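Undergrad: My questions will all concern the structure given below.
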Amino acid sequence: MKITKQLNNSICILALKKIRGMDVNKIYDLCHKYPTTVKIDMLFKPLLGIKGKGNNQSNLLYRIFKINCGLITWKECKQQAEKIIISTIKSGVKIISIIDKDFPKNIQNTKFKQKCILLYYKGDISIANSKCVAIIGARKPPACIESKVLAWTSSIAYQLAIKKYTVVSGLAIGCDTAGHIGCLNADGKTIAFLPGNLNSIYPKVNQELANRIVKNGGCLISEKGIYDKISKNGFIDRDRLQAMISDFIIVGYADNKCSTMFAVNNALKNSLPIYQSKFSKIKLNGQIKIWNMNL
């Protein structure tokens with residue numbers, strides 16, 4: 001397989017992640033300081049097997065690298081990362097890094113505390129740079145109002161899709177599914193952020209919906225690679241990304257104990273507008289408004 005410039009960028013980022021102590025935020029800062037793989041490679045050049053030579057910064061990098069990485073050289077780190085990237089592409093999943101020009105701008109320039117440096121996707125990633133609204137909520141609203149909540153959520157997604165908004169959600173059953181379907185029924189484009197890897201759709205019951213999203217020009221996105229297993233943190237990361245990419249958030253139904261609050265709290269911390277339906281029960285001292293289509 002030919003390694004393109006974009007693939008090489010992803011290989012470089014993945015190689016950096018292999019070094020213990022190089023967490024996501026440190027790599028994010030490094031990529032802003034050295035925004036090309038050429039510059040990052042030059043920074044790590046002393047680690048290509050030249051031990052103890054170079055300036056003080058290079059010697060320090062070598063010692064850190066030797067202590068924190070089970071591999072011997074930066075070159076070997078990149079070789080292992082390349083194998084993973086090639087397997088990813090062959091499996092039908094694409095990958096984009098923060099160094100790439102097409103990386104979603106809202107995520108690339110985010111003020112969120114927890115950064116994002118690498119995304120795996122299926123479909124059209126370019127729609128992540130359109131005007132986006134997150135439509136989210138509980139998997140199981142109270143039975144007495146469930147049908148009304150889901151109908152309302154689907155209707156709002158439909159109306160916003162008509163207005164050329166990209167609807168963002170998490171592919172979960174309940175409000176997420178209603179949002180995606182409402183958008184698709186308007187022939188709109190929708191993004192599903194997943195908590196696990198893209199070759200193992202969660203929940204499985206929404207595999208057909210996931211296929212429909214991609215077929216209709218939408219996108220499935222995750223921070224998780226094809227060998228990563230689903231975990232609790234995956235759901236938290238998914239909710240963070242939903243807020244990060246969106247211009248505002250609409251909640252179909254949730255209360256203050258609902259997992260939807262991960263996305264809501266991330267939005268609050270970063271001054272994003274948040275709305276909820278008349279059915280929803282989130283109480284935040286006036287920080288969340290009832291949605292009105294005329295807003």
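By order of appearance in the structure tokens: chains A, B, ..., then residues from 1 within every chain, and ligands from 1 in the order shown.
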List every residue of segment 53-202 of chain A that DSSP, applied to the backbone of this structure, places in strand (DSSP E or B), and write the result as number ranges by chain.
TA: A: 94-97, 118-123, 132-136, 166-169, 190-193
Undergrad: Figure out the distance between atom CA of Leu14 of chain A and atom CA of Gln79 of chain A, please, to one decimal in Å.
TA: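 If I compute the distance from atom CA of Gln79 of chain A to atom CA of Leu14 of chain A, I get 10.4 Å.
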Undergrad: For Pro142 of chain A, please output as a list of chain:residue names all residues within 10 Å (counting only C-alpha atoms; exclusion window: fewer than 3 positions along the same chain).
TA: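 Counting only C-alpha atoms, the residues come to A:Ala138, A:Arg139, A:Ile145, A:Glu146, A:Ser147, A:Val149, A:Tyr253, A:Ala254, A:Phe279.
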Undergrad: Determine, counting only C-alpha atoms, which protein, DNA and RNA residues have an atom within 9 Å of an atom of Phe262 of chain A; residues of the same chain fewer than 5 positions away are not included. Present the result as a PyMOL selection string.
TA: chain A and resi 235-237+239-240+267
Undergrad: If you measure from atom CA of Lys278 of chain A to atom CA of Ile290 of chain A, what distance in Å do you get, rounded to one decimal?
TA: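 These atoms are spaced 6.1 Å apart.
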Undergrad: Need the shell around Ile135 of chain A: protein/DNA/RNA residues with any atom at most 6 Å away, counting only C-alpha atoms. Skip same-chain ones fewer than 4 positions apart. Format as a list in words?
TA: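 Result of the neighbour search: Ser169, Gly179, Ile250 and Val251 of chain A.
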Undergrad: Selected residues, C-alpha atoms, written as a PDB file, in the first residue's frame, please.
TA:
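Saved file again-v9.pdb follows:
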ATOM      1  CA  SER A 169     -25.627  12.223  17.785  1.00  0.00           C
ATOM      2  CA  GLY A 179     -32.412  12.306  15.833  1.00  0.00           C
ATOM      3  CA  ILE A 250     -30.689  20.075  21.897  1.00  0.00           C
ATOM      4  CA  VAL A 251     -31.764  17.467  24.459  1.00  0.00           C
TER       5      VAL A 251
END
Undergrad: Set the distance at 10 Å and use only C-alpha atoms: which residues neighbour Gln287 of chain A once local chain neighbours fewer than 4 positions away are removed? I'd like the list as a PyMOL selection string.
TA: chain A and resi 268+271+273-275+282-283
Undergrad: Could you go through segment 93-250 of chain A and tell me which residues DSSP, when run on the backbone, assigns to helix (DSSP H, G or I), listing them as a PyMOL selection string?
TA: chain A and resi 105-108+125-129+146-162+175-185+204-215+232-245
Undergrad: Find the spatial neighbours of segment 153-159 of chain A, counting only C-alpha atoms, within a cut-off of 10 Å - ignore same-chain residues fewer than 5 positions away - and output them as a PDB file with N, CA and C atoms, in the first residue's frame.
TA:
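Saved the output as selection00.pdb:
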ATOM      1  N   VAL A 133     -25.437  20.597  14.764  1.00  0.00           N
ATOM      2  CA  VAL A 133     -26.218  20.638  16.001  1.00  0.00           C
ATOM      3  C   VAL A 133     -26.261  19.231  16.584  1.00  0.00           C
ATOM      4  N   ALA A 134     -25.957  19.113  17.863  1.00  0.00           N
ATOM      5  CA  ALA A 134     -26.051  17.820  18.544  1.00  0.00           C
ATOM      6  C   ALA A 134     -27.476  17.644  19.058  1.00  0.00           C
ATOM      7  N   ILE A 135     -28.119  16.561  18.652  1.00  0.00           N
ATOM      8  CA  ILE A 135     -29.452  16.223  19.138  1.00  0.00           C
ATOM      9  C   ILE A 135     -29.328  14.902  19.891  1.00  0.00           C
ATOM     10  N   ILE A 136     -29.463  14.960  21.191  1.00  0.00           N
ATOM     11  CA  ILE A 136     -29.118  13.823  22.049  1.00  0.00           C
ATOM     12  C   ILE A 136     -30.181  13.638  23.139  1.00  0.00           C
ATOM     13  N   GLY A 137     -29.999  12.612  23.939  1.00  0.00           N
ATOM     14  CA  GLY A 137     -30.926  12.393  25.042  1.00  0.00           C
ATOM     15  C   GLY A 137     -30.904  10.961  25.537  1.00  0.00           C
ATOM     16  N   SER A 147     -43.132   7.949  23.576  1.00  0.00           N
ATOM     17  CA  SER A 147     -43.500   8.126  22.171  1.00  0.00           C
ATOM     18  C   SER A 147     -43.513   9.602  21.785  1.00  0.00           C
ATOM     19  N   LYS A 148     -43.965  10.467  22.694  1.00  0.00           N
ATOM     20  CA  LYS A 148     -43.992  11.913  22.419  1.00  0.00           C
ATOM     21  C   LYS A 148     -42.576  12.476  22.328  1.00  0.00           C
ATOM     22  N   LYS A 164     -30.401  22.753   6.532  1.00  0.00           N
ATOM     23  CA  LYS A 164     -29.027  22.422   6.153  1.00  0.00           C
ATOM     24  C   LYS A 164     -28.078  22.288   7.343  1.00  0.00           C
ATOM     25  N   TYR A 165     -28.617  21.984   8.511  1.00  0.00           N
ATOM     26  CA  TYR A 165     -27.761  21.636   9.639  1.00  0.00           C
ATOM     27  C   TYR A 165     -27.360  20.165   9.530  1.00  0.00           C
ATOM     28  N   THR A 166     -26.139  19.861   9.913  1.00  0.00           N
ATOM     29  CA  THR A 166     -25.717  18.471  10.076  1.00  0.00           C
ATOM     30  C   THR A 166     -26.070  18.050  11.497  1.00  0.00           C
ATOM     31  N   VAL A 167     -26.850  16.975  11.619  1.00  0.00           N
ATOM     32  CA  VAL A 167     -27.288  16.509  12.933  1.00  0.00           C
ATOM     33  C   VAL A 167     -26.250  15.543  13.503  1.00  0.00           C
ATOM     34  N   VAL A 168     -25.809  15.841  14.707  1.00  0.00           N
ATOM     35  CA  VAL A 168     -24.790  15.039  15.392  1.00  0.00           C
ATOM     36  C   VAL A 168     -25.440  14.285  16.548  1.00  0.00           C
ATOM     37  N   GLY A 174     -33.159   5.125  21.412  1.00  0.00           N
ATOM     38  CA  GLY A 174     -33.864   6.226  22.054  1.00  0.00           C
ATOM     39  C   GLY A 174     -33.708   7.530  21.304  1.00  0.00           C
ATOM     40  N   CYS A 175     -33.364   8.588  22.033  1.00  0.00           N
ATOM     41  CA  CYS A 175     -33.307   9.929  21.444  1.00  0.00           C
ATOM     42  C   CYS A 175     -32.268  10.037  20.328  1.00  0.00           C
ATOM     43  N   ASP A 176     -31.113   9.391  20.484  1.00  0.00           N
ATOM     44  CA  ASP A 176     -30.080   9.446  19.447  1.00  0.00           C
ATOM     45  C   ASP A 176     -30.607   8.882  18.131  1.00  0.00           C
ATOM     46  N   THR A 177     -31.211   7.706  18.204  1.00  0.00           N
ATOM     47  CA  THR A 177     -31.758   7.071  17.007  1.00  0.00           C
ATOM     48  C   THR A 177     -32.822   7.951  16.370  1.00  0.00           C
ATOM     49  N   ALA A 178     -33.699   8.539  17.184  1.00  0.00           N
ATOM     50  CA  ALA A 178     -34.747   9.425  16.666  1.00  0.00           C
ATOM     51  C   ALA A 178     -34.149  10.616  15.932  1.00  0.00           C
ATOM     52  N   GLY A 179     -33.077  11.173  16.479  1.00  0.00           N
ATOM     53  CA  GLY A 179     -32.412  12.306  15.833  1.00  0.00           C
ATOM     54  C   GLY A 179     -31.816  11.939  14.490  1.00  0.00           C
ATOM     55  N   HIS A 180     -31.103  10.816  14.451  1.00  0.00           N
ATOM     56  CA  HIS A 180     -30.506  10.368  13.189  1.00  0.00           C
ATOM     57  C   HIS A 180     -31.584  10.110  12.132  1.00  0.00           C
ATOM     58  N   ILE A 181     -32.637   9.396  12.523  1.00  0.00           N
ATOM     59  CA  ILE A 181     -33.681   9.023  11.559  1.00  0.00           C
ATOM     60  C   ILE A 181     -34.438  10.254  11.069  1.00  0.00           C
ATOM     61  N   GLY A 182     -34.738  11.193  11.962  1.00  0.00           N
ATOM     62  CA  GLY A 182     -35.412  12.418  11.554  1.00  0.00           C
ATOM     63  C   GLY A 182     -34.618  13.168  10.505  1.00  0.00           C
ATOM     64  N   CYS A 183     -33.315  13.249  10.709  1.00  0.00           N
ATOM     65  CA  CYS A 183     -32.427  13.912   9.753  1.00  0.00           C
ATOM     66  C   CYS A 183     -32.424  13.174   8.413  1.00  0.00           C
ATOM     67  N   LEU A 184     -32.293  11.862   8.461  1.00  0.00           N
ATOM     68  CA  LEU A 184     -32.252  11.066   7.233  1.00  0.00           C
ATOM     69  C   LEU A 184     -33.567  11.151   6.463  1.00  0.00           C
ATOM     70  N   ASN A 185     -34.670  11.224   7.191  1.00  0.00           N
ATOM     71  CA  ASN A 185     -35.978  11.334   6.528  1.00  0.00           C
ATOM     72  C   ASN A 185     -36.120  12.645   5.750  1.00  0.00           C
ATOM     73  N   ALA A 186     -35.313  13.636   6.135  1.00  0.00           N
ATOM     74  CA  ALA A 186     -35.296  14.911   5.409  1.00  0.00           C
ATOM     75  C   ALA A 186     -34.206  14.922   4.343  1.00  0.00           C
ATOM     76  N   ASP A 187     -33.618  13.749   4.109  1.00  0.00           N
ATOM     77  CA  ASP A 187     -32.500  13.600   3.183  1.00  0.00           C
ATOM     78  C   ASP A 187     -31.298  14.451   3.628  1.00  0.00           C
ATOM     79  N   GLY A 188     -31.179  14.613   4.944  1.00  0.00           N
ATOM     80  CA  GLY A 188     -30.063  15.372   5.498  1.00  0.00           C
ATOM     81  C   GLY A 188     -28.869  14.495   5.805  1.00  0.00           C
ATOM     82  N   THR A 190     -26.015  13.287   8.598  1.00  0.00           N
ATOM     83  CA  THR A 190     -25.887  13.154  10.040  1.00  0.00           C
ATOM     84  C   THR A 190     -24.576  12.467  10.409  1.00  0.00           C
ATOM     85  N   ILE A 250     -29.279  20.228  21.560  1.00  0.00           N
ATOM     86  CA  ILE A 250     -30.689  20.075  21.897  1.00  0.00           C
ATOM     87  C   ILE A 250     -30.878  18.706  22.552  1.00  0.00           C
ATOM     88  N   VAL A 251     -31.522  18.702  23.718  1.00  0.00           N
ATOM     89  CA  VAL A 251     -31.764  17.467  24.459  1.00  0.00           C
ATOM     90  C   VAL A 251     -33.237  17.079  24.325  1.00  0.00           C
ATOM     91  N   GLY A 252     -33.487  15.882  23.788  1.00  0.00           N
ATOM     92  CA  GLY A 252     -34.860  15.403  23.651  1.00  0.00           C
ATOM     93  C   GLY A 252     -35.468  15.097  25.006  1.00  0.00           C
ATOM     94  N   TYR A 253     -34.743  14.305  25.785  1.00  0.00           N
ATOM     95  CA  TYR A 253     -35.150  14.048  27.171  1.00  0.00           C
ATOM     96  C   TYR A 253     -33.925  13.625  27.970  1.00  0.00           C
ATOM     97  N   GLN A 276     -33.517  22.211  25.607  1.00  0.00           N
ATOM     98  CA  GLN A 276     -34.164  20.933  25.846  1.00  0.00           C
ATOM     99  C   GLN A 276     -35.640  21.031  25.462  1.00  0.00           C
ATOM    100  N   SER A 277     -36.260  19.866  25.273  1.00  0.00           N
ATOM    101  CA  SER A 277     -37.683  19.832  24.949  1.00  0.00           C
ATOM    102  C   SER A 277     -38.496  20.160  26.197  1.00  0.00           C
ATOM    103  N   TRP A 291     -36.391  24.594  23.925  1.00  0.00           N
ATOM    104  CA  TRP A 291     -36.160  24.836  22.500  1.00  0.00           C
ATOM    105  C   TRP A 291     -37.377  25.471  21.846  1.00  0.00           C
ATOM    106  N   ASN A 292     -37.106  26.498  21.066  1.00  0.00           N
ATOM    107  CA  ASN A 292     -38.100  27.158  20.241  1.00  0.00           C
ATOM    108  C   ASN A 292     -37.500  27.274  18.848  1.00  0.00           C
ATOM    109  N   MET A 293     -38.191  26.752  17.851  1.00  0.00           N
ATOM    110  CA  MET A 293     -37.636  26.701  16.498  1.00  0.00           C
ATOM    111  C   MET A 293     -37.307  28.083  15.956  1.00  0.00           C
TER     112      MET A 293
END
Undergrad: Looking at A:Pro104, A:Gly196, A:Pro203, A:Pro35, which one is nearest to Ser222 of chain A, with distances taken over only C-alpha atoms?
TA: A:Gly196
Undergrad: With distances taken over only C-alpha atoms, which residue among A:Val24, A:Ile86, A:Ile213, A:Cys219 lies nearest Met1 of chain A?
TA: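 Smallest distance to Met1 of chain A is found for A:Ile86.
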Undergrad: Return the single residue from A:Gln6, A:Asn197, A:Asn129, A:Thr260 that is closest to Ile107 of chain A, with distances computed using only C-alpha atoms.
TA: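 Ranked by minimum distance to Ile107 of chain A, first place goes to A:Asn129.
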Undergrad: What is the atom CA of Asp29 of chain A-atom CA of Phe44 of chain A distance in Å, reported with one decimal?
TA: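 According to the coordinates, atom CA of Asp29 of chain A and atom CA of Phe44 of chain A are separated by 15.6 Å.
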Undergrad: With only C-alpha atoms as the basis for distance, which of A:Tyr202, A:Asn216, A:Leu30, A:Ala210 is at the shortest distance from Ser231 of chain A?
TA: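 The closest residue to Ser231 of chain A is A:Tyr202.
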